[in-house]
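S.K.: What follows is the file model_31.txt, containing compact mmCIF, C-alpha atoms:
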```txt
# COMPACT_ATOMS: atom_id res chain seq x y z
CA MET I 9 -76.97 27.12 -20.39
CA GLY I 10 -74.01 26.09 -18.25
CA ASN I 11 -71.93 25.34 -21.34
CA SER I 12 -71.75 28.98 -22.50
CA PHE I 13 -69.67 31.90 -21.22
CA GLY I 14 -69.78 35.62 -21.98
CA GLN I 15 -72.39 38.10 -23.16
CA LEU I 16 -71.40 39.97 -26.33
CA PHE I 17 -68.43 37.70 -27.04
CA ARG I 18 -69.92 34.32 -26.17
CA VAL I 19 -68.35 30.88 -26.32
CA THR I 20 -70.15 27.55 -26.09
CA THR I 21 -67.98 24.47 -25.72
CA PHE I 22 -69.04 20.95 -26.70
CA GLY I 23 -67.80 17.36 -26.68
CA GLU I 24 -66.60 14.69 -24.25
CA SER I 25 -63.15 13.45 -23.37
CA HIS I 26 -63.48 10.12 -25.21
CA GLY I 27 -66.16 11.03 -27.73
CA GLY I 28 -65.67 12.00 -31.37
CA GLY I 29 -64.14 15.37 -30.60
CA ILE I 30 -64.11 18.61 -28.63
CA GLY I 31 -64.86 22.09 -29.87
CA VAL I 32 -66.31 25.55 -29.46
CA VAL I 33 -68.80 27.88 -31.10
CA VAL I 34 -67.81 31.54 -30.78
CA ASP I 35 -70.68 33.98 -31.29
CA GLY I 36 -70.37 37.76 -31.31
CA CYS I 37 -66.90 38.02 -32.79
CA PRO I 38 -66.66 41.25 -34.84
CA PRO I 39 -66.13 40.91 -38.60
CA ARG I 40 -62.85 41.46 -40.46
CA ILE I 41 -60.61 40.25 -37.60
CA ALA I 42 -57.58 38.39 -38.97
CA VAL I 43 -57.79 34.82 -37.62
CA SER I 44 -56.07 31.70 -38.91
CA GLY I 45 -55.87 28.08 -37.88
CA ALA I 46 -52.23 28.74 -36.96
CA ASP I 47 -53.28 31.38 -34.41
CA ILE I 48 -55.53 28.85 -32.68
CA GLN I 49 -53.12 25.93 -33.09
CA GLN I 50 -50.32 27.81 -31.34
CA GLU I 51 -52.38 27.99 -28.17
CA LEU I 52 -53.72 24.44 -28.48
CA ASP I 53 -50.16 23.13 -28.75
CA ARG I 54 -49.39 24.73 -25.37
CA ARG I 55 -52.41 22.95 -23.85
CA ARG I 56 -52.22 19.56 -25.57
CA PRO I 57 -51.36 16.31 -23.73
CA GLY I 58 -48.10 14.45 -24.21
CA GLN I 59 -46.04 17.61 -24.63
CA SER I 60 -43.46 16.72 -21.98
CA LYS I 61 -42.38 14.03 -19.52
CA ILE I 62 -44.40 15.61 -16.69
CA THR I 63 -47.79 15.66 -18.44
CA THR I 64 -50.29 12.96 -19.36
CA GLN I 65 -48.91 10.70 -22.06
CA ARG I 66 -52.14 10.59 -24.05
CA LYS I 67 -50.96 11.22 -27.63
CA GLU I 68 -53.29 13.76 -29.18
CA PRO I 69 -52.13 16.13 -31.95
CA ASP I 70 -55.16 18.34 -31.19
CA ARG I 71 -55.25 19.70 -34.75
CA CYS I 72 -57.95 22.33 -35.08
CA GLU I 73 -60.45 22.63 -37.90
CA ILE I 74 -62.26 25.94 -38.48
CA LEU I 75 -65.66 24.86 -39.78
CA SER I 76 -67.44 28.22 -40.04
CA GLY I 77 -67.24 31.95 -39.49
CA VAL I 78 -63.87 32.62 -41.14
CA PHE I 79 -63.36 33.35 -44.84
CA GLU I 80 -60.06 34.12 -46.57
CA GLY I 81 -58.36 34.58 -43.18
CA ARG I 82 -60.87 37.03 -41.71
CA THR I 83 -63.90 36.66 -39.46
CA LEU I 84 -67.30 37.11 -41.04
CA GLY I 85 -69.16 38.32 -37.94
CA THR I 86 -71.08 35.02 -37.94
CA PRO I 87 -70.64 32.13 -35.47
CA ILE I 88 -67.17 30.58 -35.60
CA THR I 89 -67.00 26.83 -35.06
CA VAL I 90 -63.70 25.15 -34.20
CA LEU I 91 -63.42 21.36 -33.92
CA VAL I 92 -60.63 19.15 -32.58
CA ARG I 93 -61.12 15.43 -33.18
CA ASN I 94 -60.14 12.88 -30.52
CA GLN I 95 -57.61 10.41 -31.93
CA ASP I 96 -56.06 8.59 -28.96
CA ALA I 97 -59.12 7.84 -26.85
CA ARG I 98 -58.92 4.59 -24.89
CA PRO I 99 -62.29 4.22 -23.18
CA GLU I 100 -61.51 0.64 -22.15
CA ALA I 101 -59.02 2.03 -19.60
CA TYR I 102 -62.00 3.42 -17.65
CA GLU I 103 -64.03 0.21 -17.43
CA ALA I 104 -63.47 0.09 -13.65
CA MET I 105 -65.18 3.49 -13.35
CA ARG I 106 -68.38 2.28 -15.03
CA GLU I 107 -69.94 1.55 -11.63
CA THR I 108 -67.36 2.98 -9.20
CA PHE I 109 -67.10 6.67 -8.30
CA ARG I 110 -63.62 8.18 -8.29
CA PRO I 111 -62.90 10.10 -5.04
CA SER I 112 -63.06 13.91 -5.48
CA HIS I 113 -63.99 13.57 -9.16
CA ALA I 114 -67.30 14.56 -10.80
CA ASP I 115 -68.51 10.97 -11.28
CA PHE I 116 -70.97 10.98 -8.39
CA THR I 117 -72.22 14.55 -8.86
CA TYR I 118 -72.93 14.12 -12.60
CA GLN I 119 -74.81 10.90 -11.81
CA ALA I 120 -76.76 12.71 -9.08
CA LYS I 121 -77.66 15.60 -11.41
CA TYR I 122 -78.49 13.81 -14.66
CA GLY I 123 -79.12 10.20 -13.67
CA ILE I 124 -76.61 9.23 -16.35
CA ARG I 125 -72.95 9.95 -16.96
CA ASN I 126 -70.18 9.30 -19.44
CA TRP I 127 -67.79 7.21 -17.35
CA GLN I 128 -65.15 7.14 -20.11
CA GLY I 129 -62.58 9.65 -18.90
CA GLY I 130 -65.01 11.91 -17.11
CA GLY I 131 -66.93 13.18 -20.13
CA ARG I 132 -67.55 16.92 -19.88
CA ALA I 133 -65.85 17.07 -16.49
CA SER I 134 -62.53 16.16 -18.09
CA ALA I 135 -59.91 18.87 -18.58
CA ARG I 136 -60.09 17.95 -22.26
CA GLU I 137 -63.18 20.17 -22.42
CA THR I 138 -60.83 23.16 -22.10
CA ILE I 139 -59.76 22.71 -25.73
CA GLY I 140 -62.83 24.77 -26.62
CA ARG I 141 -61.93 27.47 -24.12
CA VAL I 142 -58.36 27.74 -25.38
CA ALA I 143 -59.52 27.92 -29.01
CA GLY I 144 -62.07 30.59 -28.11
CA GLY I 145 -59.45 32.44 -26.08
CA ALA I 146 -57.09 32.51 -29.06
CA ILE I 147 -59.78 34.26 -31.11
CA ALA I 148 -60.48 36.63 -28.20
CA ARG I 149 -56.79 37.60 -28.13
CA LYS I 150 -56.97 38.54 -31.81
CA VAL I 151 -59.95 40.80 -31.13
CA LEU I 152 -58.26 42.36 -28.10
CA THR I 153 -55.01 43.14 -29.86
CA THR I 154 -56.99 44.65 -32.73
CA LEU I 155 -58.78 46.99 -30.32
CA PHE I 156 -55.85 47.55 -27.93
CA PRO I 157 -52.54 46.57 -29.61
CA LYS I 158 -50.47 46.86 -26.41
CA ILE I 159 -52.51 44.46 -24.27
CA GLU I 160 -50.54 41.47 -22.94
CA VAL I 161 -51.77 38.48 -20.96
CA VAL I 162 -49.10 36.28 -19.37
CA ALA I 163 -49.72 33.45 -16.89
CA PHE I 164 -47.09 31.33 -15.14
CA VAL I 165 -46.69 28.68 -12.46
CA THR I 166 -45.65 30.29 -9.21
CA GLN I 167 -46.09 27.35 -6.80
CA ILE I 168 -46.30 23.57 -6.90
CA HIS I 169 -47.01 21.84 -3.61
CA GLN I 170 -44.66 23.60 -1.17
CA ILE I 171 -42.16 24.88 -3.74
CA VAL I 172 -42.70 28.64 -4.24
CA ALA I 173 -41.01 30.55 -7.06
CA LYS I 174 -39.71 34.10 -7.01
CA ILE I 175 -40.98 35.91 -10.11
CA ASN I 176 -41.21 39.59 -11.08
CA ARG I 177 -44.71 39.69 -12.59
CA SER I 178 -44.09 43.08 -14.19
CA LYS I 179 -41.18 41.80 -16.28
CA VAL I 180 -42.03 38.16 -17.02
CA THR I 181 -42.60 37.35 -20.69
CA THR I 182 -44.25 34.47 -22.51
CA ALA I 183 -40.80 33.42 -23.72
CA ASP I 184 -39.64 33.19 -20.09
CA VAL I 185 -42.62 31.00 -19.23
CA GLU I 186 -42.26 28.71 -22.24
CA ALA I 187 -38.55 28.15 -21.55
CA SER I 188 -39.48 25.52 -18.93
CA ILE I 189 -41.71 22.46 -19.34
CA VAL I 190 -43.29 23.29 -15.98
CA ARG I 191 -43.95 26.87 -17.19
CA CYS I 192 -42.24 28.47 -14.20
CA PRO I 193 -39.75 31.24 -15.15
CA ASP I 194 -37.73 30.81 -11.93
CA LYS I 195 -35.09 28.31 -13.14
CA ALA I 196 -34.09 27.01 -9.71
CA ALA I 197 -37.68 26.55 -8.56
CA ALA I 198 -38.64 25.01 -11.93
CA LYS I 199 -36.00 22.30 -11.58
CA ASN I 200 -37.21 21.42 -8.09
CA MET I 201 -40.82 21.37 -9.30
CA ILE I 202 -40.04 19.01 -12.17
CA ASP I 203 -38.11 16.68 -9.86
CA LEU I 204 -41.00 16.62 -7.39
CA ILE I 205 -43.61 15.98 -10.09
CA GLU I 206 -41.62 13.03 -11.45
CA LYS I 207 -41.14 11.57 -7.98
CA THR I 208 -44.83 12.01 -7.14
CA ARG I 209 -45.93 10.39 -10.40
CA ALA I 210 -43.68 7.39 -9.69
CA ASN I 211 -45.47 7.04 -6.35
CA GLY I 212 -48.87 7.03 -8.08
CA ASP I 213 -49.88 10.34 -6.56
CA SER I 214 -50.54 13.92 -7.71
CA LEU I 215 -49.81 17.55 -6.81
CA GLY I 216 -51.55 20.94 -6.85
CA GLY I 217 -50.26 24.49 -6.92
CA VAL I 218 -50.81 28.11 -7.90
CA ILE I 219 -50.81 29.94 -11.23
CA GLU I 220 -50.44 33.70 -11.35
CA CYS I 221 -51.60 35.80 -14.29
CA VAL I 222 -50.88 39.41 -15.24
CA ALA I 223 -52.72 41.51 -17.83
CA ARG I 224 -50.79 44.59 -18.93
CA ASN I 225 -51.90 47.76 -20.72
CA VAL I 226 -55.60 47.21 -20.09
CA PRO I 227 -57.16 50.67 -20.54
CA PRO I 228 -58.90 52.31 -17.57
CA GLY I 229 -62.69 52.32 -17.47
CA LEU I 230 -63.22 48.76 -18.71
CA VAL I 231 -65.98 46.52 -17.32
CA GLU I 232 -69.36 47.09 -15.68
CA PRO I 233 -69.88 48.01 -12.00
CA VAL I 234 -71.89 46.23 -9.29
CA PHE I 235 -72.80 42.72 -10.60
CA ASP I 236 -70.43 42.47 -13.57
CA LYS I 237 -67.25 43.71 -11.91
CA LEU I 238 -63.99 42.69 -13.50
CA GLU I 239 -62.85 40.67 -10.49
CA ASP I 240 -66.30 39.01 -10.39
CA ASP I 241 -66.06 37.80 -13.96
CA LEU I 242 -62.40 36.82 -13.66
CA ALA I 243 -63.19 34.81 -10.54
CA LYS I 244 -66.08 33.03 -12.28
CA ALA I 245 -63.89 32.36 -15.33
CA MET I 246 -61.03 30.91 -13.31
CA LEU I 247 -63.14 28.87 -10.90
CA SER I 248 -64.96 27.33 -13.87
CA LEU I 249 -61.69 25.65 -14.89
CA PRO I 250 -61.26 22.01 -13.83
CA ALA I 251 -59.42 21.44 -10.53
CA THR I 252 -59.56 25.08 -9.37
CA LYS I 253 -60.19 25.71 -5.68
CA GLY I 254 -59.26 29.32 -5.00
CA PHE I 255 -58.95 32.80 -6.49
CA GLU I 256 -57.45 36.02 -5.17
CA ILE I 257 -56.74 39.30 -6.93
CA GLY I 258 -54.25 42.03 -6.07
CA SER I 259 -53.33 41.91 -2.40
CA GLY I 260 -55.93 39.18 -1.90
CA PHE I 261 -56.05 37.66 1.56
CA SER I 262 -52.89 39.50 2.62
CA ALA I 263 -55.00 42.70 2.71
CA THR I 264 -56.62 41.39 5.89
CA ARG I 265 -53.30 41.90 7.66
CA MET I 266 -52.92 45.54 6.56
CA CYS I 267 -54.38 48.88 7.64
CA GLY I 268 -56.13 51.17 5.18
CA SER I 269 -53.22 53.61 5.33
CA GLU I 270 -50.93 50.82 4.11
CA HIS I 271 -53.26 49.29 1.56
CA ASN I 272 -54.63 52.37 -0.22
CA ASP I 273 -53.06 52.99 -3.64
CA ALA I 274 -52.16 56.70 -3.77
CA PHE I 275 -52.78 58.48 -7.08
CA GLU I 276 -50.10 60.43 -8.91
CA LYS I 277 -49.43 61.86 -12.36
CA ARG I 278 -46.83 59.73 -14.12
CA GLY I 279 -45.89 59.38 -17.76
CA GLY I 280 -48.60 61.79 -18.84
CA ARG I 281 -51.45 59.91 -17.14
CA ILE I 282 -53.00 59.35 -13.73
CA SER I 283 -51.45 56.28 -12.12
CA THR I 284 -51.23 54.67 -8.69
CA ARG I 285 -48.01 54.59 -6.68
CA THR I 286 -48.70 51.04 -5.48
CA ASN I 287 -51.02 48.39 -6.88
CA PHE I 288 -52.58 46.48 -4.01
CA SER I 289 -55.89 46.85 -5.89
CA GLY I 290 -54.59 44.56 -8.63
CA GLY I 291 -55.51 47.01 -11.38
CA ILE I 292 -59.20 47.12 -10.44
CA GLN I 293 -61.09 49.63 -8.30
CA GLY I 294 -64.85 49.63 -7.88
CA GLY I 295 -64.89 46.62 -10.17
CA ILE I 296 -63.51 48.70 -13.09
CA SER I 297 -59.99 48.65 -14.56
CA ASN I 298 -57.82 51.60 -13.53
CA GLY I 299 -55.05 51.23 -16.12
CA GLU I 300 -52.55 49.48 -13.85
CA GLU I 301 -51.46 45.87 -14.20
CA ILE I 302 -54.26 43.43 -13.44
CA TYR I 303 -52.87 40.47 -11.55
CA PHE I 304 -54.40 37.52 -9.76
CA ARG I 305 -53.66 34.00 -8.54
CA VAL I 306 -55.56 30.75 -9.07
CA ALA I 307 -55.22 27.70 -6.80
CA PHE I 308 -55.41 24.23 -8.37
CA LYS I 309 -55.97 21.08 -6.32
CA PRO I 310 -54.01 17.85 -6.88
CA THR I 311 -55.33 15.83 -9.81
CA ALA I 312 -58.24 13.73 -8.53
CA THR I 313 -57.55 10.63 -10.65
CA ILE I 314 -54.46 8.88 -9.29
CA ALA I 315 -52.86 5.46 -9.69
CA ARG I 316 -52.91 4.67 -5.97
CA GLU I 317 -55.62 2.39 -4.68
CA GLN I 318 -58.40 4.36 -2.98
CA GLU I 319 -61.54 3.39 -1.12
CA SER I 320 -64.85 4.19 -2.79
CA VAL I 321 -68.34 2.83 -3.41
CA THR I 322 -70.24 1.63 -6.47
CA SER I 323 -73.40 3.26 -7.79
CA SER I 324 -75.38 0.79 -5.68
CA GLY I 325 -73.45 1.83 -2.54
CA LYS I 326 -71.25 -1.25 -2.26
CA LYS I 327 -67.83 -0.67 -0.74
CA THR I 328 -64.94 -1.20 -3.12
CA LYS I 329 -61.41 -0.06 -3.97
CA LEU I 330 -60.24 1.66 -7.10
CA ALA I 331 -56.89 2.42 -8.76
CA ALA I 332 -56.96 4.44 -11.98
CA ARG I 333 -55.52 2.87 -15.12
CA GLY I 334 -55.91 5.87 -17.45
CA ARG I 335 -53.31 8.40 -18.52
CA HIS I 336 -53.47 11.40 -16.24
CA ASP I 337 -51.44 14.49 -15.40
CA PRO I 338 -49.60 14.08 -12.09
CA CYS I 339 -49.91 17.88 -11.86
CA VAL I 340 -52.29 19.97 -13.99
CA LEU I 341 -50.43 23.26 -13.53
CA PRO I 342 -48.11 23.25 -16.59
CA ARG I 343 -50.99 22.65 -19.03
CA ALA I 344 -53.35 24.96 -17.13
CA VAL I 345 -51.26 28.07 -17.89
CA PRO I 346 -52.74 28.57 -21.40
CA MET I 347 -56.19 27.80 -19.99
CA VAL I 348 -55.88 30.65 -17.47
CA GLU I 349 -54.68 33.00 -20.21
CA ALA I 350 -57.56 31.96 -22.47
CA MET I 351 -60.22 32.62 -19.84
CA THR I 352 -58.63 36.00 -19.07
CA ALA I 353 -58.74 36.92 -22.76
CA LEU I 354 -62.40 35.86 -22.98
CA VAL I 355 -63.37 38.09 -20.05
CA LEU I 356 -61.41 41.11 -21.30
CA CYS I 357 -62.66 40.69 -24.87
CA ASP I 358 -66.28 40.46 -23.80
CA HIS I 359 -66.01 43.61 -21.72
CA ALA I 360 -63.99 45.48 -24.35
CA LEU I 361 -66.85 44.93 -26.80
CA ARG I 362 -69.40 45.95 -24.16
CA GLN I 363 -67.46 49.14 -23.50
CA LYS I 364 -67.24 49.83 -27.22
CA ALA I 365 -71.01 49.48 -27.47
CA ILE I 366 -71.47 52.02 -24.66
CA ALA I 367 -69.10 54.48 -26.34
CA LYS I 368 -71.16 54.33 -29.54
CA SER I 369 -74.49 54.87 -27.79
```
Could the structure of this file be written out as structure tokens, please?

M.R.:
Amino acid sequence: MGNSFGQLFRVTTFGESHGGGIGVVVDGCPPRIAVSGADIQQELDRRRPGQSKITTQRKEPDRCEILSGVFEGRTLGTPITVLVRNQDARPEAYEAMRETFRPSHADFTYQAKYGIRNWQGGGRASARETIGRVAGGAIARKVLTTLFPKIEVVAFVTQIHQIVAKINRSKVTTADVEASIVRCPDKAAAKNMIDLIEKTRANGDSLGGVIECVARNVPPGLVEPVFDKLEDDLAKAMLSLPATKGFEIGSGFSATRMCGSEHNDAFEKRGGRISTRTNFSGGIQGGISNGEEIYFRVAFKPTATIAREQESVTSSGKKTKLAARGRHDPCVLPRAVPMVEAMTALVLCDHALRQKAIAKS
């Protein structure tokens, strides 16, 4: 059950990092939605390894194959299966992890849960699992833009380690984000981030940071109250991504330093519709979208697998030391941007279909 996400628009991912391949089954996609391999490939190319000097150098083309659910460029309303075959797996690089647990990785916890684990690259705990999410998110975007043509979802790197960018979330575009290999639209900050990532990689270490995401033109009234609030589902979606450690929406923790008179978003009539003068709520009130920009931030920890020697223990409890030999991102943030966008699209698509079902009842 833990491999599926969503209710009406439901994705189930499958595969391991160094197995035959990774993929997704999308169930609940409406029929007659225009979807092509190129639509999915565009997003997978943004996520794939080896795309720049600051990412893992694993050479995977990540070419997608649509195995079912699409005919003559349109969805059939039946389950859609997308497969990406692994081509540059090197399981021998993980031989040292056969018996030794990597610090802060999922090796020990998977062993504790199942009594068995795939020690070759982390198995399902590897960020390679997110191929299925990104493929599913690409299909979700197509559904969303069919229902609401003006919807935009843009994520970007706003912080790496202690370098913080200055970005106008209301104006940033995908083109701005993609102009930098670190996916930070602040040129000065991006240069410093790249320099720091390269230096940290040379030292055998890793870095974390923050990604911000904005969803524009989401109609008011979307999502369910109480237990399926929009911020609830967004938080679950984001914290299900590998290496995530924090989530805040709208004013987030800064709201604790404000009074209600400062924080409340006053209503006004603007542009022919009811709007809010400020947006500390982050586009959500009572768990339901209010028509303003939805924005949130996701914190990512430093990559757990590093080249530096670390103390650990074997599965039998024997003390040992371990230095990773695999190919790993010194910082996951640049490749995590399309992952954040994909999970956002999955949440919005699922709730858009749920709202549509209510409207018809």

S.K.: At a cut-off of 6 Å, can you tabulate as CSV every residue of region 255-303 of chain I near region 208-223 of chain I together with its closest atom pair and the distance in Å to one decimal, using only C-alpha atoms and ordering rows by chain then number?

M.R.:
```
residue,atom,partner,partner_atom,distance
I:Glu301,CA,I:Ala223,CA,5.8
I:Ile302,CA,I:Ala223,CA,5.0
I:Tyr303,CA,I:Val222,CA,4.3
```

S.K.: Would you mind reading off the distance between CA of Arg106 (chain I) and CA of Thr322 (chain I), one decimal, in Å?

M.R.: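 Computed distance, CA of Arg106 (chain I) to CA of Thr322 (chain I), equals 8.8 Å.
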
S.K.: Could you work out how far CA of Ile139 (chain I) lies from CA of Gly28 (chain I), giving the answer in Å with one decimal?

M.R.: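 CA of Gly28 (chain I) sits 13.5 Å away from CA of Ile139 (chain I).
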
S.K.: I'd like the contact shell of Val190 (chain I) - 10 Å cut-off, only C-alpha atoms, skipping same-chain residues fewer than 2 positions apart - returned as a PyMOL selection string.

M.R.: chain I and resi 60-63+164-165+168+185-188+192-193+197-199+201-202+205+339-343+345

S.K.: So that I can see what lies close to region 54-59 of chain I, please list as a list in words the residues with an atom at most 10 Å from it, counting all atoms listed in the file and leaving out residues fewer than 3 positions away in the same chain.

M.R.: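 Everything that qualifies: Gln49, Gln50, Glu51, Ile62, Thr63, Thr64, Gln65, Arg66, Lys67, Glu68, Pro69, Asp70, Arg71, Arg136, Thr138, Ile139, Val142, Glu186, Ile189, Arg335, His336, Asp337, Pro342, Arg343, Ala344, Val345, Pro346 and Met347 of chain I.
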
S.K.: Of the candidates I:Ser283, I:Gln128, I:Thr153, I:Thr21, which one gets nearest to Leu91 (chain I) if we count all atoms listed in the file?

M.R.: I:Thr21

S.K.: Neighbours of region 309-321 of chain I within 6 Å (all atoms listed in the file; same-chain residues fewer than 4 positions away dropped), as a VMD selection string?

M.R.: chain I and resid 108 112 to 113 212 to 216 251 325 to 332

S.K.: Let me make sure I understand: among I:Ile30, I:Val226, I:Val172, I:Ala360, which one has the smallest atom-to-atom distance to Arg93 (chain I) if we use all atoms listed in the file?

M.R.: I:Ile30

S.K.: So what do you get for CA of Val306 (chain I) versus CA of Gly45 (chain I), distance-wise?

M.R.: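 Those two atoms sit 28.9 Å apart.
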
S.K.: Write out as AutoDock Vina command-line options an axis-aligned box for region 313-323 of chain I: all of its atoms listed in the file, 8 Å added on each side, centre and edge lengths in Å with one decimal.

M.R.:
```
--center_x -63.1 --center_y 6.1 --center_z -5.9 --size_x 36.5 --size_y 25.0 --size_z 25.5
```
